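Source file: structure02.txt (compact mmCIF, C-alpha atoms and all ligand atoms)
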# COMPACT_ATOMS: atom_id res chain seq x y z
CA MET R 140 -11.12 34.33 -22.95
CA GLY R 141 -7.94 33.38 -21.15
CA VAL R 142 -9.83 30.76 -19.20
CA LEU R 143 -11.30 29.34 -22.37
CA CYS R 144 -7.87 29.13 -23.97
CA SER R 145 -6.41 27.34 -20.99
CA VAL R 146 -9.26 24.83 -21.02
CA ILE R 147 -9.04 24.13 -24.72
CA LYS R 148 -5.34 23.62 -24.90
CA PHE R 149 -3.84 21.94 -27.90
CA GLU R 150 -2.86 19.08 -25.63
CA ASN R 151 -6.48 18.49 -24.64
CA LEU R 152 -7.67 18.45 -28.24
CA HIS R 153 -4.95 15.95 -28.98
CA GLU R 154 -6.32 13.80 -26.15
CA LEU R 155 -9.72 13.63 -27.88
CA ARG R 156 -8.08 11.38 -30.44
CA ARG R 157 -8.11 8.66 -27.83
CA LEU R 158 -11.81 8.25 -28.59
CA CYS R 159 -11.09 7.06 -32.14
CA HIS R 160 -10.28 3.47 -31.30
CA TRP R 161 -12.37 0.31 -31.14
CA GLY R 162 -12.11 0.16 -27.33
CA PRO R 163 -13.80 3.48 -26.44
CA ILE R 164 -16.25 3.13 -29.36
CA ILE R 165 -17.49 -0.25 -28.11
CA ALA R 166 -17.44 0.77 -24.43
CA LEU R 167 -19.36 3.99 -25.03
CA GLY R 168 -21.73 2.14 -27.38
CA VAL R 169 -22.59 -0.36 -24.66
CA ILE R 170 -23.09 2.43 -22.10
CA ALA R 171 -25.33 4.34 -24.55
CA ILE R 172 -27.45 1.31 -25.47
CA CYS R 173 -27.92 0.10 -21.91
CA SER R 174 -28.76 3.49 -20.40
CA THR R 175 -31.06 4.59 -23.23
CA MET R 176 -32.94 1.30 -23.21
CA ALA R 177 -33.16 1.38 -19.41
CA MET R 178 -34.70 4.86 -19.53
CA ILE R 179 -37.19 3.95 -22.25
CA ASP R 180 -38.18 0.77 -20.41
CA SER R 181 -38.49 2.65 -17.11
CA VAL R 182 -41.03 4.96 -18.71
CA LEU R 183 -43.05 1.90 -19.69
CA TRP R 184 -42.67 -0.12 -16.54
CA TYR R 185 -42.61 2.48 -13.82
CA TRP R 186 -43.76 5.87 -15.08
CA PRO R 187 -41.44 8.27 -13.20
CA LEU R 188 -43.86 11.16 -12.64
CA HIS R 189 -46.67 9.29 -10.91
CA THR R 190 -45.00 7.75 -7.87
CA THR R 191 -42.02 8.41 -5.65
CA GLY R 192 -40.66 4.97 -6.46
CA GLY R 193 -40.80 5.74 -10.14
CA SER R 194 -38.99 9.03 -9.68
CA VAL R 195 -36.30 7.48 -7.51
CA ASN R 196 -35.81 4.72 -10.04
CA PHE R 197 -35.41 7.21 -12.86
CA ILE R 198 -33.07 9.54 -10.95
CA MET R 199 -30.91 6.57 -9.92
CA LEU R 200 -30.68 5.53 -13.53
CA ILE R 201 -29.50 8.96 -14.66
CA ASN R 202 -27.13 9.03 -11.72
CA TRP R 203 -25.46 5.75 -12.74
CA THR R 204 -24.99 6.95 -16.29
CA VAL R 205 -23.47 10.27 -15.24
CA MET R 206 -21.13 8.70 -12.67
CA ILE R 207 -20.04 5.92 -15.02
CA LEU R 208 -19.26 8.37 -17.81
CA TYR R 209 -17.55 10.79 -15.41
CA ASN R 210 -15.15 8.14 -14.13
CA TYR R 211 -14.67 6.65 -17.57
CA PHE R 212 -13.64 9.97 -19.12
CA ASN R 213 -11.51 10.80 -16.09
CA ALA R 214 -9.63 7.52 -16.44
CA MET R 215 -9.20 8.19 -20.15
CA PHE R 216 -8.30 11.89 -20.20
CA ILE R 217 -6.49 12.38 -16.90
CA GLY R 218 -4.32 9.46 -17.89
CA PRO R 219 -1.83 7.56 -15.77
CA GLY R 220 0.72 10.37 -15.50
CA TYR R 221 3.99 10.19 -17.38
CA VAL R 222 7.53 10.42 -16.11
CA PRO R 223 8.74 13.88 -17.25
CA LEU R 224 11.01 13.83 -20.28
CA ASP R 225 14.66 14.22 -19.22
CA TRP R 226 13.79 13.13 -15.69
CA LYS R 227 16.72 12.34 -13.40
CA PRO R 228 16.70 11.38 -9.73
CA GLU R 229 17.43 14.27 -7.38
CA LYS R 230 20.74 12.83 -6.25
CA SER R 231 22.69 12.12 -9.39
CA GLN R 232 24.42 9.09 -7.86
CA ASP R 233 21.00 7.42 -7.48
CA SER R 234 20.80 7.05 -11.25
CA MET R 235 23.00 3.97 -10.91
CA TYR R 236 19.96 2.17 -9.45
CA LEU R 237 17.70 3.02 -12.37
CA GLN R 238 17.22 1.94 -15.93
CA TYR R 239 17.36 4.49 -18.68
CA CYS R 240 14.66 4.92 -21.30
CA LYS R 241 16.08 5.93 -24.64
CA VAL R 242 12.73 6.96 -26.06
CA CYS R 243 11.86 9.34 -23.22
CA GLN R 244 15.52 10.30 -22.70
CA ALA R 245 14.91 9.89 -18.99
CA TYR R 246 15.65 7.54 -16.17
CA LYS R 247 12.81 5.19 -15.37
CA ALA R 248 11.48 6.33 -12.01
CA PRO R 249 10.70 3.57 -9.51
CA ARG R 250 7.49 1.70 -10.49
CA SER R 251 7.37 3.29 -13.94
CA HIS R 252 7.52 1.37 -17.19
CA HIS R 253 7.61 2.41 -20.78
CA CYS R 254 4.37 1.77 -22.67
CA ARG R 255 4.74 1.03 -26.33
CA LYS R 256 1.24 2.25 -27.19
CA CYS R 257 1.46 5.52 -25.23
CA ASN R 258 5.12 5.85 -26.22
CA ARG R 259 5.98 7.32 -22.82
CA CYS R 260 7.22 6.07 -19.48
CA VAL R 261 4.10 5.63 -17.38
CA MET R 262 4.10 6.21 -13.61
CA LYS R 263 3.19 3.09 -11.60
CA MET R 264 2.11 1.37 -14.79
CA ASP R 265 -0.35 -1.46 -14.33
CA HIS R 266 -1.42 -2.18 -17.89
CA HIS R 267 -2.45 -0.49 -21.10
CA CYS R 268 -6.21 -0.73 -21.22
CA PRO R 269 -7.70 -0.79 -24.72
CA TRP R 270 -11.18 0.10 -23.39
CA ILE R 271 -10.00 3.51 -22.25
CA ASN R 272 -7.29 3.51 -24.93
CA ASN R 273 -4.83 4.68 -22.30
CA CYS R 274 -2.62 3.24 -19.61
CA CYS R 275 -3.88 2.50 -16.16
CA GLY R 276 -1.38 3.89 -13.67
CA TYR R 277 -0.62 6.35 -10.90
CA GLN R 278 -3.08 9.19 -11.60
CA ASN R 279 -6.09 7.36 -12.99
CA HIS R 280 -6.09 4.18 -10.94
CA ALA R 281 -8.86 5.45 -8.63
CA SER R 282 -11.20 6.59 -11.40
CA PHE R 283 -10.49 3.42 -13.34
CA ILE R 284 -11.53 1.27 -10.39
CA LEU R 285 -14.58 3.40 -9.64
CA PHE R 286 -15.62 2.88 -13.24
CA LEU R 287 -15.11 -0.88 -12.85
CA LEU R 288 -17.31 -0.81 -9.75
CA LEU R 289 -20.07 1.48 -11.02
CA ALA R 290 -20.48 -0.12 -14.45
CA PRO R 291 -21.62 -3.52 -13.08
CA LEU R 292 -23.86 -1.86 -10.46
CA GLY R 293 -25.53 0.30 -13.11
CA CYS R 294 -25.87 -2.75 -15.37
CA ILE R 295 -27.56 -4.77 -12.61
CA HIS R 296 -30.09 -1.99 -12.11
CA ALA R 297 -30.68 -1.76 -15.86
CA ALA R 298 -31.03 -5.56 -16.15
CA PHE R 299 -33.66 -5.49 -13.39
CA ILE R 300 -35.62 -2.83 -15.30
CA PHE R 301 -35.43 -4.83 -18.55
CA VAL R 302 -36.71 -7.95 -16.86
CA MET R 303 -39.52 -6.12 -15.06
CA THR R 304 -40.59 -4.29 -18.21
CA MET R 305 -40.69 -7.42 -20.32
CA TYR R 306 -42.52 -9.25 -17.56
CA THR R 307 -45.18 -6.60 -16.97
CA GLN R 308 -45.64 -5.95 -20.66
CA LEU R 309 -46.11 -9.62 -21.43
CA TYR R 310 -48.27 -10.34 -18.39
CA ASN R 311 -51.50 -8.98 -19.81
CA ARG R 312 -50.88 -10.27 -23.28
CA ILE R 313 -50.36 -13.94 -22.73
CA SER R 314 -53.47 -16.01 -23.18
CA PHE R 315 -53.53 -19.72 -22.54
CA GLY R 316 -55.75 -21.71 -24.87
CA TRP R 317 -56.56 -25.41 -24.77
CA SER R 318 -53.12 -26.39 -26.02
CA THR R 319 -51.67 -23.15 -27.20
CA VAL R 320 -50.00 -20.14 -25.70
CA LYS R 321 -50.78 -16.91 -27.51
CA ILE R 322 -48.84 -13.75 -27.02
CA ASP R 323 -50.36 -10.52 -28.25
CA MET R 324 -47.35 -8.60 -29.46
CA SER R 325 -49.20 -5.53 -30.70
CA ALA R 326 -48.98 -2.30 -28.74
CA ALA R 327 -50.89 -2.38 -25.49
CA ARG R 328 -54.45 -1.19 -25.85
CA ARG R 329 -55.85 -1.67 -22.39
CA ASP R 330 -53.14 0.13 -20.55
CA PRO R 331 -53.57 3.90 -20.75
CA LEU R 332 -50.07 4.70 -19.47
CA PRO R 333 -47.45 3.69 -22.02
CA VAL R 334 -46.14 6.57 -24.05
CA VAL R 335 -43.87 4.27 -25.99
CA PRO R 336 -45.69 1.36 -27.62
CA PHE R 337 -44.18 -1.99 -26.66
CA GLY R 338 -44.22 -4.18 -29.72
CA LEU R 339 -42.08 -7.04 -30.94
CA SER R 340 -39.13 -4.79 -31.78
CA ALA R 341 -39.23 -3.19 -28.36
CA PHE R 342 -39.23 -6.65 -26.83
CA ALA R 343 -36.25 -7.71 -28.95
CA ALA R 344 -34.36 -4.51 -28.10
CA SER R 345 -34.98 -5.02 -24.38
CA LEU R 346 -33.76 -8.59 -24.60
CA PHE R 347 -30.63 -7.50 -26.46
CA ALA R 348 -29.93 -4.79 -23.88
CA LEU R 349 -30.46 -7.33 -21.11
CA GLY R 350 -27.81 -9.57 -22.65
CA LEU R 351 -25.38 -6.65 -22.94
CA ALA R 352 -26.01 -5.58 -19.36
CA LEU R 353 -25.49 -9.07 -17.93
CA GLY R 354 -22.37 -9.65 -20.03
CA THR R 355 -20.89 -6.35 -18.89
CA THR R 356 -21.69 -7.12 -15.27
CA VAL R 357 -19.74 -10.37 -15.38
CA ALA R 358 -16.78 -9.17 -17.45
CA VAL R 359 -16.26 -5.80 -15.80
CA GLY R 360 -17.04 -7.19 -12.35
CA MET R 361 -14.19 -9.68 -12.69
CA LEU R 362 -11.83 -6.90 -13.71
CA PHE R 363 -12.92 -4.97 -10.64
CA PHE R 364 -11.87 -7.77 -8.30
CA ILE R 365 -8.53 -8.17 -10.07
CA GLN R 366 -7.84 -4.44 -9.80
CA MET R 367 -8.93 -4.28 -6.16
CA LYS R 368 -6.34 -6.92 -5.38
CA VAL R 369 -3.71 -4.76 -7.11
CA ILE R 370 -4.69 -1.78 -4.93
CA LEU R 371 -4.97 -3.66 -1.63
CA ARG R 372 -1.59 -5.31 -2.12
CA ASN R 373 -0.12 -2.17 -3.65
CA LYS R 374 1.47 -4.38 -6.27
CA THR R 375 0.78 -3.82 -9.96
CA SER R 376 0.43 -6.68 -12.43
CA ILE R 377 3.90 -5.91 -13.79
CA GLU R 378 5.38 -5.86 -10.30
CA SER R 379 3.85 -9.26 -9.50
CA TRP R 380 5.75 -10.65 -12.42
CA ILE R 381 8.99 -8.95 -11.35
CA GLU R 382 8.51 -10.47 -7.90
CA GLU R 383 7.94 -13.91 -9.37
CA LYS R 384 11.18 -13.59 -11.31
CA ALA R 385 13.02 -12.33 -8.23
CA LYS R 386 12.06 -15.49 -6.36
CA ASP R 387 13.20 -17.56 -9.31
CA ARG R 388 16.52 -15.75 -9.50
CA ILE R 389 17.24 -16.05 -5.78
CA GLN R 390 16.27 -19.70 -5.71
CA TYR R 391 18.47 -20.45 -8.70
CA TYR R 392 21.63 -18.80 -7.36
CA GLN R 393 20.85 -19.66 -3.75
CA THR R 394 22.30 -16.34 -2.69
CA GLY R 395 20.30 -16.35 0.50
CA GLU R 396 18.84 -12.94 -0.31
CA VAL R 397 15.31 -12.25 0.72
CA PHE R 398 13.36 -10.11 -1.67
CA ILE R 399 10.75 -8.05 0.12
CA PHE R 400 8.34 -6.21 -2.09
CA PRO R 401 8.90 -2.61 -0.88
CA TYR R 402 5.61 -0.85 -1.64
CA ASP R 403 3.12 -2.99 0.26
CA MET R 404 2.60 -0.91 3.41
CA GLY R 405 1.50 -3.97 5.33
CA SER R 406 -2.06 -2.78 5.84
CA ARG R 407 -4.75 -2.95 3.21
CA TRP R 408 -6.26 0.29 4.43
CA LYS R 409 -2.94 2.17 4.05
CA ASN R 410 -2.53 0.76 0.56
CA PHE R 411 -6.08 1.74 -0.29
CA LYS R 412 -5.64 5.29 1.00
CA GLN R 413 -2.59 5.77 -1.19
CA VAL R 414 -4.84 5.54 -4.26
CA PHE R 415 -8.19 6.80 -2.98
CA THR R 416 -8.16 10.22 -1.36
CA TRP R 417 -10.92 12.76 -0.75
CA SER R 418 -9.29 15.24 -3.06
CA GLY R 419 -9.25 12.65 -5.84
CA VAL R 420 -5.52 13.16 -6.31
CA PRO R 421 -3.49 10.12 -5.23
CA GLU R 422 -0.82 10.50 -2.56
CA GLY R 423 2.70 11.49 -3.54
CA ASP R 424 4.12 12.61 -6.86
CA GLY R 425 4.24 9.27 -8.67
CA LEU R 426 8.03 9.33 -8.76
CA GLU R 427 9.00 8.74 -5.14
CA TRP R 428 7.10 6.12 -3.16
CA PRO R 429 6.67 5.37 0.52
CA ILE R 430 8.42 2.12 1.34
CA LYS R 431 8.25 -0.59 3.91
CA GLU R 432 10.66 -0.50 6.80
CA GLY R 433 13.90 -2.26 6.01
CA CYS R 434 13.61 -1.63 2.29
CA HIS R 435 15.61 0.72 0.16
CA GLN R 436 13.99 3.46 -1.93
CA TYR R 437 15.32 1.57 -4.93
CA SER R 438 14.80 -2.02 -3.73
CA LEU R 439 12.60 -2.86 -6.69
CA THR R 440 14.65 -1.07 -9.34
CA ILE R 441 17.83 -2.73 -8.04
CA GLU R 442 16.06 -6.08 -8.34
CA GLN R 443 15.06 -5.15 -11.89
CA LEU R 444 18.68 -4.32 -12.72
CA LYS R 445 19.83 -7.63 -11.24
CA GLN R 446 17.29 -9.43 -13.35
CA LYS R 447 18.49 -7.54 -16.36
CA ALA R 448 22.08 -8.49 -15.67
CA ASP R 449 21.08 -12.04 -15.07
CA LYS R 450 20.35 -13.29 -18.53
CA ARG R 451 19.65 -16.80 -17.38
CA VAL R 452 16.77 -16.18 -15.07
CA ARG R 453 15.31 -13.38 -17.06
CA SER R 454 14.26 -15.82 -19.69
CA VAL R 455 12.19 -18.40 -18.00
CA ARG R 456 12.15 -21.25 -20.45
CA TYR R 457 9.04 -23.33 -20.90
CA ARG R 458 8.29 -26.39 -23.00
CA ALA R 459 4.93 -27.05 -24.61
CA MET R 460 3.36 -30.21 -23.20
CA GLU R 461 0.29 -30.11 -25.40
CA ASP R 462 -0.83 -28.51 -28.65
CA TYR R 463 -2.62 -25.19 -28.71
CA SER R 464 -4.45 -23.85 -31.74
CA GLY R 465 -3.81 -20.17 -31.13
CA ALA R 466 -7.49 -19.44 -30.43
CA CYS R 467 -8.30 -16.45 -28.24
CA CYS R 468 -10.68 -18.39 -26.04
CA PRO R 469 -9.72 -22.05 -26.43
CA LEU R 470 -12.55 -24.43 -25.61
CA ASN R 471 -10.40 -27.40 -24.65
CA LYS R 472 -8.02 -25.81 -22.15
CA GLY R 473 -10.29 -25.55 -19.18
CA ILE R 474 -12.92 -23.06 -18.14
CA LYS R 475 -10.49 -20.75 -16.30
CA THR R 476 -8.27 -20.41 -19.35
CA PHE R 477 -11.36 -19.72 -21.44
CA PHE R 478 -12.64 -16.92 -19.25
CA THR R 479 -9.34 -15.27 -18.38
CA THR R 480 -8.08 -14.74 -21.90
CA PRO R 481 -5.91 -11.58 -21.81
CA CYS R 482 -7.90 -8.55 -22.96
CA THR R 483 -5.33 -7.25 -25.41
CA GLU R 484 -4.79 -6.92 -29.11
CA GLU R 485 -1.55 -8.85 -28.78
CA PRO R 486 -1.42 -12.08 -30.78
CA ARG R 487 -1.81 -15.64 -29.54
CA ILE R 488 0.76 -18.17 -30.70
CA GLU R 489 0.15 -21.65 -31.92
CA LEU R 490 1.99 -24.33 -29.96
CA HIS R 491 2.99 -27.86 -30.81
CA LYS R 492 4.04 -30.39 -28.27
CA GLY R 493 7.77 -30.02 -27.60
CA ASP R 494 8.06 -26.35 -28.64
CA LEU R 495 10.33 -24.22 -26.48
CA ILE R 496 9.21 -20.77 -25.43
CA LEU R 497 11.07 -17.99 -23.64
CA VAL R 498 8.45 -16.52 -21.40
CA THR R 499 8.68 -12.83 -20.69
CA ARG R 500 5.54 -12.20 -18.64
CA GLY R 501 2.54 -14.05 -17.40
CA LEU R 502 -0.89 -14.02 -15.86
CA LYS R 503 -2.40 -16.72 -13.71
CA HIS R 504 -3.64 -18.81 -16.62
CA TRP R 505 -1.83 -17.24 -19.57
CA MET R 506 1.75 -16.54 -20.52
CA TYR R 507 3.46 -14.32 -23.03
CA GLY R 508 6.69 -15.16 -24.74
CA ASP R 509 8.86 -15.82 -27.75
CA LYS R 510 8.82 -19.18 -29.43
CA ILE R 511 12.29 -20.58 -29.99
CA LEU R 512 12.16 -21.41 -33.64
CA ASN R 513 14.93 -24.00 -33.80
CA SER R 514 17.99 -25.16 -31.93
CA ALA R 515 20.18 -22.44 -33.41
CA ALA R 516 17.95 -19.89 -31.83
CA GLU R 517 18.66 -21.15 -28.37
CA GLU R 518 21.74 -18.99 -28.26
CA SER R 519 21.23 -15.50 -27.06
CA TYR R 520 21.28 -12.74 -29.57
CA PRO R 521 23.04 -9.43 -29.30
CA LEU R 522 21.07 -6.28 -29.20
CA ASP R 523 21.10 -4.62 -32.49
CA ILE R 524 17.38 -4.85 -32.89
CA GLU R 525 15.17 -1.83 -32.43
CA GLN R 526 13.02 -2.67 -29.47
CA SER R 527 10.46 -1.13 -27.31
CA PRO R 528 11.97 -0.53 -23.90
CA PHE R 529 9.18 -2.47 -22.26
CA GLN R 530 10.52 -5.51 -24.00
CA GLU R 531 14.04 -4.42 -23.45
CA LYS R 532 13.52 -4.77 -19.73
CA TYR R 533 12.47 -8.35 -20.04
CA SER R 534 13.71 -9.92 -23.15
CA LYS R 535 16.20 -7.78 -24.99
CA ASP R 536 19.13 -10.05 -25.47
CA TYR R 537 17.61 -13.44 -25.64
CA LEU R 538 15.31 -12.70 -28.49
CA THR R 539 14.86 -15.39 -30.97
CA VAL R 540 15.48 -13.51 -34.12
CA LEU R 541 15.87 -15.61 -37.17
CA GLY R 542 16.03 -13.58 -40.32
CA GLY R 543 14.05 -10.91 -38.53
CA THR R 544 10.99 -13.07 -37.88
CA ARG R 545 9.79 -13.65 -34.39
CA VAL R 546 6.87 -15.63 -33.13
CA ARG R 547 5.65 -13.86 -30.07
CA GLY R 548 2.38 -13.90 -28.21
CA TRP R 549 0.09 -15.36 -25.59
CA PHE R 550 -0.68 -19.00 -24.85
CA PRO R 551 -2.38 -20.88 -22.01
CA ARG R 552 -0.13 -21.61 -19.04
CA LYS R 553 -1.75 -25.01 -18.90
CA CYS R 554 -0.06 -26.10 -22.13
CA VAL R 555 3.49 -25.58 -20.91
CA GLU R 556 5.82 -26.72 -18.21
CA LYS R 557 8.88 -24.94 -16.86
CA CYS R 558 12.10 -26.39 -18.27
CA LEU R 559 14.92 -27.55 -16.13
CA TYR R 560 18.09 -26.44 -17.80
CA ASP R 561 20.13 -29.01 -19.65
CA VAL R 562 23.47 -30.11 -18.25
CA GLU R 563 25.59 -28.12 -20.67
CA ALA R 564 23.86 -24.87 -19.83
CA ASP R 565 24.13 -25.62 -16.13
CA GLN R 566 27.87 -26.04 -16.32
CA GLU R 567 28.12 -22.71 -18.04
CA ILE R 568 26.20 -21.13 -15.22
CA GLU R 569 28.37 -22.84 -12.63
CA GLY R 570 31.33 -21.17 -14.29
CA GLU R 571 29.60 -17.84 -14.10
CA LYS R 572 28.88 -18.38 -10.45
CA LYS R 573 32.53 -19.11 -9.65
CA ASN R 574 33.62 -15.96 -11.40
CA ARG R 575 31.48 -13.86 -9.15
ZN ZN R 601 10.03 5.71 -21.86
ZN ZN R 602 -0.18 2.79 -22.51

Is it possible to give me this structure as structure tokens?
Amino acid sequence: MGVLCSVIKFENLHELRRLCHWGPIIALGVIAICSTMAMIDSVLWYWPLHTTGGSVNFIMLINWTVMILYNYFNAMFIGPGYVPLDWKPEKSQDSMYLQYCKVCQAYKAPRSHHCRKCNRCVMKMDHHCPWINNCCGYQNHASFILFLLLAPLGCIHAAFIFVMTMYTQLYNRISFGWSTVKIDMSAARRDPLPVVPFGLSAFAASLFALGLALGTTVAVGMLFFIQMKVILRNKTSIESWIEEKAKDRIQYYQTGEVFIFPYDMGSRWKNFKQVFTWSGVPEGDGLEWPIKEGCHQYSLTIEQLKQKADKRVRSVRYRAMEDYSGACCPLNKGIKTFFTTPCTEEPRIELHKGDLILVTRGLKHWMYGDKILNSAAEESYPLDIEQSPFQEKYSKDYLTVLGGTRVRGWFPRKCVEKCLYDVEADQEIEGEKKNR
């Protein structure tokens, strides 16, 4: 009884709510359709009980489904791991190197970020993934990547079965006349084996499942390569952006500092082992991280604080060079922009040539930022706005708030160009520099 109670904790039941979201519903729907159709088609194409090949094929199929679902639910329910509420660094004087999260009432441990959707500070946050309706971070990075690897492999197997089934089923039914091709779409009569009759609807269903499987292979496969890069470099998507801003900041002030990203252990294998272990539990505690020689335990958080203090560089200003309609997958902005549209619910913003945007984060082909609505908005605004701390880190006091409205969202990087600051602003910065 005690065991049962500890398994079905209130917390766990609460976690089941994660399933009620479009992401998991679609993802599980695709898994269900592809694996069910693959099993039905296998029965038709390669009856599992008659030959070894057939049995192996069928067992493999079940194996993919089980492993995909296992890693999917692990990624979803184990979660990324949250920074404990009230967390403080062991040595109290170290707190000067860290940012404080007002929502969690805790210091932000190195590599952690506050997620607006999860409403907690997430350890080694990479991104909030709508498909698992949870963040991808410290604890679930391995299962997340295994899911991204297994899903395309399973889909390729399923796609092969769909093609073979349709081919073998059609083979005996196509008759070539003098100038006509006739396909007998009724259930097979000659073949004694099929348990499931293969008619027109079965053909249509197989074709639909084939499309789903191929689409999933491409989309999820791309995500797999992106995430593998994150693991092998030991640098999350958020950290890549912090590093980009660090280079910008150092170049602007010409301080001669060299920013070395502290968590890349220098060897891909070491980085890989930090996430993938035999026990399934990643190395460390998610709060303290092994660092490169010559770096400080708080190298990255100190850089984050510098960026925070440095209003100028924090807001990288861009100017729109061409119009953008605000479409999710714009057709006229190049094939890369089309295919790399950010997989989030966040809005896209319409751009007109000449618009100014304060960019707060970016991907290779897309950027996210606030549109500066008019010249008055170019001044920085004080911070009396309620803000999610994730934003606070990047954009808190240069928000363009005009009567409470903000235009914020994604747009293709291709449409904008980085602004060089105008003379007036530069003089102001010169003054700031002298005061240092
Ligand atoms: Zn927080
Ligand atoms: Zn999240």

Residues of chain R that have any atom at most 6 Å from an atom of ligand ZN 602 (chain R): could you tabulate them with the shortest-distance atom pair and the distance in Å to one decimal, using all atoms listed in the file, ordered by chain and increasing number, as a tab-separated table?
residue	atom	partner	partner_atom	distance
R:Cys254	CA	R:ZN602	ZN	4.7
R:Lys256	CA	R:ZN602	ZN	4.9
R:Cys257	CA	R:ZN602	ZN	4.2
R:His267	CA	R:ZN602	ZN	4.2
R:Asn273	CA	R:ZN602	ZN	5.0
R:Cys274	CA	R:ZN602	ZN	3.8

Serialized selection, C-alpha atoms, as a short mmCIF file (atom, residue, chain, number, x, y, z; two decimals), in the coordinates of the input:
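After the write, out27.cif holds the following:
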data_model
loop_
_atom_site.label_atom_id
_atom_site.label_comp_id
_atom_site.auth_asym_id
_atom_site.auth_seq_id
_atom_site.Cartn_x
_atom_site.Cartn_y
_atom_site.Cartn_z
CA CYS R 254 4.37 1.77 -22.67
CA LYS R 256 1.24 2.25 -27.19
CA CYS R 257 1.46 5.52 -25.23
CA HIS R 267 -2.45 -0.49 -21.10
CA ASN R 273 -4.83 4.68 -22.30
CA CYS R 274 -2.62 3.24 -19.61
#

Next item on the list: Grab me every residue within 7 Å of ligand ZN 601 (chain R), counting all atoms listed in the file, and send it over as a list in words.
Entry: Cys240, Lys241, Val242, Cys243, His252, His253, Cys254, Asn258, Arg259, Cys260 and Pro528 of chain R

Next item on the list: For CA of Ile389 (chain R) and CA of Arg250 (chain R), quote the distance in Å rounded to one decimal.
Entry: 20.8 Å

So for region 185-204 of chain R, what box centre and size do we get, axis-aligned, 3 Å extra on each of the six sides, every listed atom, Å to one decimal, as AutoDock Vina command-line options?
--center_x -35.8 --center_y 6.8 --center_z -11.0 --size_x 27.7 --size_y 14.7 --size_z 16.6

Notebook entry, point to check: If you count only C-alpha atoms, which residues fall within 12 Å of region 431-433 of chain R, apart from same-chain ones fewer than 3 positions away, as a VMD selection string?
Noted result: chain R and resid 373 397 to 406 409 to 410 428 436 to 439

What does the file look like for those residues with C-alpha atoms, as a PDB file, keeping the file's coordinate frame?
ATOM      1  CA  ASN R 373      -0.120  -2.170  -3.650  1.00  0.00           C
ATOM      2  CA  VAL R 397      15.310 -12.250   0.720  1.00  0.00           C
ATOM      3  CA  PHE R 398      13.360 -10.110  -1.670  1.00  0.00           C
ATOM      4  CA  ILE R 399      10.750  -8.050   0.120  1.00  0.00           C
ATOM      5  CA  PHE R 400       8.340  -6.210  -2.090  1.00  0.00           C
ATOM      6  CA  PRO R 401       8.900  -2.610  -0.880  1.00  0.00           C
ATOM      7  CA  TYR R 402       5.610  -0.850  -1.640  1.00  0.00           C
ATOM      8  CA  ASP R 403       3.120  -2.990   0.260  1.00  0.00           C
ATOM      9  CA  MET R 404       2.600  -0.910   3.410  1.00  0.00           C
ATOM     10  CA  GLY R 405       1.500  -3.970   5.330  1.00  0.00           C
ATOM     11  CA  SER R 406      -2.060  -2.780   5.840  1.00  0.00           C
ATOM     12  CA  LYS R 409      -2.940   2.170   4.050  1.00  0.00           C
ATOM     13  CA  ASN R 410      -2.530   0.760   0.560  1.00  0.00           C
ATOM     14  CA  TRP R 428       7.100   6.120  -3.160  1.00  0.00           C
ATOM     15  CA  GLN R 436      13.990   3.460  -1.930  1.00  0.00           C
ATOM     16  CA  TYR R 437      15.320   1.570  -4.930  1.00  0.00           C
ATOM     17  CA  SER R 438      14.800  -2.020  -3.730  1.00  0.00           C
ATOM     18  CA  LEU R 439      12.600  -2.860  -6.690  1.00  0.00           C
TER      19      LEU R 439
END

Check: In Å, how far is it from CA of Ile496 (chain R) to CA of Lys447 (chain R)?
Finding: 18.5 Å

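For the atom pair formed by CA of Asp265 (chain R) and CA of Pro219 (chain R), the distance is 9.3 Å, given to one decimal.
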
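When all atoms listed in the file are used to compute distances to Lys445 (chain R), the closest of the residues R:Leu287, R:Met264, R:Leu237, R:Met460 turns out to be R:Leu237.
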
Next item on the list: Write out as a list in words the residues lying within 7 Å of Gly162 (chain R), counting all atoms listed in the file and excluding same-chain residues fewer than 5 positions away.
Entry: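 Near neighbours after the sequence-gap exclusion: Pro269, Trp270, Ile271 and Asn272 of chain R.
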
Next item on the list: Identify the residues within 6 Å of coordinate (1.3, -4.6, -15.5) (same frame as the file), considering all atoms listed in the file, and give the answer as a PyMOL selection string.
Entry: chain R and resi 265-266+375-377

Margin query: Would you pick out the contacts of Ser234 (chain R) at 12 Å or less, using all atoms listed in the file, so that residues sharing its chain but fewer than 4 positions from it are not included, and give the list as a PyMOL selection string?
Written below: chain R and resi 226-230+238-240+245-249+437+440-441+444

Note to self: Under the rule that all atoms listed in the file are counted, which of R:Cys554, R:Cys275, R:Leu490, R:Leu362 is the nearest residue to Asn471 (chain R)?
What the structure shows: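 The shortest atom-to-atom distance to Asn471 (chain R) comes from R:Cys554.
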
Next item on the list: Select, from R:Ala352, R:Ala385, R:Val222, R:Ile488, the residue with the minimum atom-to-atom distance to Gly293 (chain R), counting all atoms listed in the file.
Entry: R:Ala352
